[in-house]
Every structure is written in structure tokens, then in C-alpha cells.
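Down below is the structure, laid out as C-alpha cells.
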Amino acid sequence: MNMERLKKEYMNISNRLFIFDTTLRDGEQTPGVALTVDEKMQIARKLNNLGVHKIEVGFPAASKGELLACRKIKSMDLDTTVVGLARSLKQDIDAVLDSDLDYVHTFLGTSPLHRDYKLKMSKEEIIDTAVGGVEYAKDHGLTVEFSAEDGTRTEYDFLYEVFNSVVDAGVDFIDLPDTVGILTPITTYALVNDIKTNFETPLSVHFHNDFGLATANTIVAIERGANQAHVTVNGLGERTGNCSLEELVVTLKAAYGIDLGLDTTRLYSLSNLVGRLTGVKMPVNKPIVGDNAFAHESGIHVHGILNNASTYEPISPESVGHSRRIILGKHTGANSVKAKLKKYHLDLDDVQFNNVFSQIKSLGDSGKCVTDDDLIALAITELSSARETPIVLKGLGLSLGSNVSPTATVKLEISGVEKEAASTGVGPVDASINAIQSLISDTLDINLEEYNLEAITGGTDALAEVFVVTSDPEGNKSTGRSTNQDIVMASILAVLDSINKLLIIQSTNN
Ligand code: MN
């Protein structure tokens, strides 16, 4: 038995498969998430560019904003089919018509729990209402998908009765929602197989992730012939969410070579946009789009990756628009550190390298990860201990008062020569940094990219920590850090620290 034979024996994949994204409807029902019309439009455009076949963009009967969002997204004239949600009621379907949409997703609870406790309707009333909704929508020219809400907890004979009735009423898609996520791969297999045996109408599945199985179950449903999968970006949705768009699409492509015509290189940026607009950040270990999806730390793994990335990656990060990261820590091998130093053009001799390498290991043992910035700082400290510091602070004078500009006089020793300059600024820190810039302008063109000030302790004599990032026109960057009781002094020393490192980077590059 090999993989190809396994696939043949167990799979029965429909040759026409639709991705129905409901990020803007079910995804927006994620607790704590609400999107503006404008944000919905941004996400809709990205989903369209990715190439998903259908997008459910809202519930027009729910609010004026929802109706407006549906109407505006429809007016964007996207290639993707735009879908609106409706209860199986005339007024809800009217709201969908009002939004100018031509595809409605109607739903009605069918399980005993929904019939008895939520809807207080008999089985006959359920069938009449479901059929009434489908007929009304079909009469108004809509494409109709009907969901038997809580279908997986509905008596199967009644579920089939409901499906048969809506099929007779002309429904275009029957949808099986696993509303509270109770299916497992085997029960999905059995149920979908049976529905596909009994119904010719295209079958859609809408699976929730309460037990972490939404994607697995959706894959099984597709393997047994389901024609459409409801998904959301980042697996968002009510409670623990729905089947994740990126996981499903990538699995189908990687495991079965099923190409749905989607541009998967857009997945990572779509995930980031949705994360930013919804405020729901992905855990680092989220498949496909998490920070660690293509991150490697262990020495053995990194050694393999550097020779051939496929040794420890199932797909390339580029194929989903992500990137590979090599993390340094206690599992790091010398190869990864050398590769990184090379990337940053930092040329260390063996002694310097061993010093940096052992510091990374001991930082790792003390529970810390070493970022690229940390590595650069460690390497530069090694390099600079072997050289003279090019620029040294020799003196500082400040003149402050009300109604006059603060003035700073700074004296520096640059390559052994003392120079002094005075500058004004909006405050003493600004004045001092302006003075430094005017003194070094012959040697170096620098740009202060970032300035962060933090008080480490309380009180007016608190220690101030300043962290800066400077850059030069060639794009070299370096960080500087200093701690002092005086804010101005901490700022000047941090800037000089950063400039000195920048000079070292420049001299190693040349
Ligand atoms: Mn749902």
C-alpha cells in the first residue's frame, strides 16, 4: 500500500469544489470583533484577489450597517460571488434583495434543541418555514443555499426530510452545519458519505472548531465528495471559530495537488490584515500563518534547512507569502549563527565568533531567545572591543530658560581630534542630538530612526534607559542603548553608542 493507492481507495473528491469564505459574517461573530463597512471592503478585496469563489459578507436584516456593507461590497463588482445571510423569513430575504445581492444563504435550526428551546416549532413548521424561505428566494431570482442549523445534532431521518423538502423547492446548495463542532473525522466520513449517496444537490459543509477538528473534518468531507467548504481567514468565528481558509487550501494543494486556482502567496498578508482589523492575533504556532510556521531553532534542523529547506518544511514559506526565520537559542548550532552573521556582513574571527556563540548558548540556557538585533549587538560588541571607539563624549553644556530656545554645547573627540558645536532644539535632548549631528556630518550621514525613553525606577532621580536606532544612506542600521540618571546624558550616550556601531558596520562592509 502506498500513498497514491490510499488516496484512490479512500477518496471521492468532487471535481468542482468551491471555497465559501464567511470571515465577514461568521468570522465577524467572533466574540469582541466588529468591523466597519470600510474594513469589510478592504478584506473583501483581498479575498477576491486571493481568488475565493464566494464570500458571505453579512446579515443584511441585522442592521443598517450590515445592509450597507453588503450593498457596498456588491457594488465593488468583484469576481467572487457575494452572499448575504438570512433567516428563512421574508423580511430577511427582502433585506438581501435590498442589498442587490443575488445569492442568499438561508438557515433554520433543525435539531430537537433548536426546535424545542429556541424556535418552539414543530417538525412540520420547520419544514414549512424552510421551504417557504427557499421558494420566496427562488421566486425572486436568487441563488439559494440552505443551512440546517445544528444539522449534526438533528435526527438524521428528519435532517433528510428537511433536505428533501428544500431540494424539491429548488434549493441550489444544501449546507450541513456542525454548529457546535461535535463531529470527528470518522463521523464526518460516515455522514457525508451517506448524504452524498442520497442527494444529488451540491453539498456544502460549515464546520465549527470547538474540539479543534474543524479543518480535519472539512478535509474528510471533501474527501467524501462535499462540493463546497465554508471557511474563515485565521479560523475566526463564533467561540473557537470555523475551518481555517489557509489551512484548508494549503492542505488540499500540498496533500492532493488540488489547485483551486487560488493565489496562495497572498495568504499571509490576508491573515495579517484580518488579524490587524479584528484585533485577534494568531498564536505563534498557528499552522501556515503563525510566526513559527517557518521558524527553526535546533542546530540539527537548521543545518538541514540551510542545505535543503525541504528537510524540515512541508511547503516553502514563499508559497504562502510567509518567510523563513532562523531563531537563535540554546538549540542553535554554529552553522545558523555563521549564516546570520554573513547575512549582516559581520565578519568575526574564530575567537570573536566563539565568544558570541557561547553568549548565545548561555542566554538560551537562561531562558532567552536571541533576536537578530541581539546577535548584531553581541557581534558588534566583540568587534568594537578589538578597536578604538571612534567617537567619545568629552563635554556637555546646556542652557535652558523660559521664552528662549534650549541650547546644547557638545564636545566630542572624533578619531583623536576634539571638536565642539552648539545647537538649539525643541528641548535639551533635541538640541544635544542636533549638536552631535553637526559635529559628525563630515564623517557620517546619520538618520535617527527610533528613539525610546523609559524610566526604569520611579522618582526624579530615576534611571532613564534610552534605546535608539540610527541608519545611514546605504541602509545599514544599528541600535544604541544607555542608562543614566540624566535623560539628556542617557540620550547622548545612546546615540553615540549607535553611531559608533554604525561606523564599525561600515568599516567591516568596506
Ligand atoms: Mn457558524
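Ligands are numbered from 1 in the order shown, chains are lettered A, B, ... in the order of the C-alpha cells, and residues start at 1 in each chain.
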
(message) Show me which residues are within 7 Å of ligand 1 counting only C-alpha atoms and all ligand atoms, and format the list as a ChimeraX atom specification.
(response) /A:26,179,206,208,237-238,242

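Within range 182-351 of chain A, residues classed as strand (DSSP E or B) by DSSP on backbone coordinates are A:Leu203, A:Ser204, A:Val205, A:His206, A:Phe207, A:His208, A:Gln228, A:Ala229, A:His230, A:Val231, A:Thr232, A:Asn242, A:Ser244, A:Ala295, A:His296, A:Arg325, A:Ile326, A:Leu328.
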
(request) Using only C-alpha atoms, find the one residue out of A:Pro31, A:Gly290, A:Gly333, A:Pro473 that sits nearest to His303 in chain A. (result) A:Gly333

Any idea what's packed within 6 Å of range 381-395 of chain A, counting only C-alpha atoms, ignoring anything in its chain fewer than 4 positions away? Could you give it as an mmCIF file with N, CA, C and O atoms, in the first residue's frame?
data_model
loop_
_atom_site.group_PDB
_atom_site.id
_atom_site.type_symbol
_atom_site.label_atom_id
_atom_site.label_comp_id
_atom_site.auth_asym_id
_atom_site.auth_seq_id
_atom_site.Cartn_x
_atom_site.Cartn_y
_atom_site.Cartn_z
ATOM 1 N N GLN A 352 36.495 35.674 18.204
ATOM 2 C CA GLN A 352 35.304 36.525 18.374
ATOM 3 C C GLN A 352 34.034 35.697 18.179
ATOM 4 O O GLN A 352 33.074 35.811 18.940
ATOM 5 N N VAL A 410 28.135 70.654 22.751
ATOM 6 C CA VAL A 410 28.659 69.291 22.878
ATOM 7 C C VAL A 410 30.098 69.276 22.395
ATOM 8 O O VAL A 410 30.421 69.853 21.349
ATOM 9 N N LYS A 411 30.968 68.639 23.199
ATOM 10 C CA LYS A 411 32.363 68.472 22.768
ATOM 11 C C LYS A 411 32.619 66.981 22.545
ATOM 12 O O LYS A 411 32.356 66.160 23.417
ATOM 13 N N LEU A 412 33.069 66.622 21.337
ATOM 14 C CA LEU A 412 33.348 65.219 21.001
ATOM 15 C C LEU A 412 34.809 65.060 20.599
ATOM 16 O O LEU A 412 35.405 65.990 20.049
ATOM 17 N N GLU A 413 35.340 63.871 20.856
ATOM 18 C CA GLU A 413 36.645 63.533 20.292
ATOM 19 C C GLU A 413 36.369 62.567 19.153
ATOM 20 O O GLU A 413 35.823 61.479 19.353
ATOM 21 N N ILE A 414 36.685 63.018 17.929
ATOM 22 C CA ILE A 414 36.431 62.188 16.758
ATOM 23 C C ILE A 414 37.763 61.787 16.162
ATOM 24 O O ILE A 414 38.521 62.643 15.718
ATOM 25 N N SER A 415 38.064 60.493 16.199
ATOM 26 C CA SER A 415 39.356 59.946 15.748
ATOM 27 C C SER A 415 40.520 60.753 16.325
ATOM 28 O O SER A 415 41.428 61.171 15.607
#

(request) Would you list the contacts of Lys40 in chain A as a PyMOL selection string, taking every protein, DNA or RNA residue within 9 Å and counting only C-alpha atoms, but skipping same-chain residues closer than 6 positions in sequence? (result) chain A and resi 24+57+69+73

(request) State, in Å with one decimal place, the distance from CA of Leu67 in chain A to CA of Ala137 in chain A. (result) 17.1 Å

Please tabulate, as CSV, the residues of range 301-416 of chain A that come within 7 Å of range 429-448 of chain A, each with its closest pair of atoms and the distance in Å to one decimal, counting only C-alpha atoms and ordering rows by chain, then residue number upward.
residue,atom,partner,partner_atom,distance
A:Pro406,CA,A:Ala431,CA,6.6
A:Thr407,CA,A:Ala431,CA,5.8
A:Ala408,CA,A:Ser432,CA,5.1
A:Thr409,CA,A:Ala435,CA,6.8
A:Val410,CA,A:Ala435,CA,6.2

(request) Write out as a ChimeraX atom specification each polymer residue whose atoms come within 7 Å of range 192-196 of chain A, counting only C-alpha atoms; drop sequence neighbours fewer than 4 positions from it. (result) /A:188,200,221,224-225

Just-selected residues, all heavy atoms written as a compact mmCIF listing (two decimals), in the first residue's frame:
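Listed below is the output, selection.txt:
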# COMPACT_ATOMS: atom_id res chain seq x y z
N THR A 188 -17.75 12.32 10.44
CA THR A 188 -17.91 13.16 9.25
C THR A 188 -17.93 12.27 8.00
O THR A 188 -18.78 12.41 7.12
CB THR A 188 -16.72 14.14 9.12
OG1 THR A 188 -16.62 14.90 10.31
CG2 THR A 188 -16.92 15.08 7.95
N GLU A 200 -28.36 14.46 -4.79
CA GLU A 200 -27.54 14.91 -5.93
C GLU A 200 -27.23 16.40 -5.84
O GLU A 200 -26.29 16.89 -6.47
CB GLU A 200 -28.27 14.62 -7.24
CG GLU A 200 -28.09 13.18 -7.66
CD GLU A 200 -28.85 12.83 -8.92
OE1 GLU A 200 -29.28 13.78 -9.63
OE2 GLU A 200 -29.01 11.63 -9.17
N ALA A 221 -14.74 15.68 4.73
CA ALA A 221 -15.98 15.90 3.96
C ALA A 221 -15.66 16.06 2.48
O ALA A 221 -16.34 15.49 1.62
CB ALA A 221 -16.70 17.13 4.50
N ARG A 224 -14.82 12.89 0.84
CA ARG A 224 -16.01 12.07 0.58
C ARG A 224 -16.97 12.77 -0.38
O ARG A 224 -18.13 12.37 -0.48
CB ARG A 224 -16.76 11.72 1.87
CG ARG A 224 -16.10 10.68 2.72
CD ARG A 224 -15.43 9.56 1.96
NE ARG A 224 -16.33 8.57 1.36
CZ ARG A 224 -15.92 7.62 0.52
NH1 ARG A 224 -14.65 7.55 0.16
NH2 ARG A 224 -16.78 6.75 0.04
N GLY A 225 -16.55 13.81 -1.04
CA GLY A 225 -17.38 14.35 -2.12
C GLY A 225 -18.12 15.64 -1.84
O GLY A 225 -18.91 16.08 -2.69

(request) For Phe294 in chain A, work out the shell of residues within 12 Å, counting only C-alpha atoms and skipping chain neighbours fewer than 5 positions away, then give it as a ChimeraX atom specification. (result) /A:268,284-289,301-302,305,309-310,312-327

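Here CA of Gly397 in chain A stands at a distance of 20.7 Å from CA of Ile499 in chain A.
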
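Separating CA of Asn355 in chain A from CA of Asn484 in chain A is a distance of 27.6 Å.
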
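Distance check against Gly475 in chain A using only C-alpha atoms: of A:Val167, A:Leu502, A:Ile182, A:Leu142, the minimum falls on A:Leu502.
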
(message) Which residues are near Asp497 in chain A? Cut-off 9 Å, only C-alpha atoms, ignore same chain within fewer than 3 positions. Put them as a PyMOL selection string.
(response) chain A and resi 391+479-482+492-494+500-502

(message) Among range 149-334 of chain A, which residues does DSSP mark as helix (DSSP H, G or I) when it is run on the backbone? Keep the chain and numbering as in the structure and answer as a PyMOL selection string.
(response) chain A and resi 151-153+156-168+185-198+214-223+233-235+245-256+264-278+299-307+309-311+317-320+334
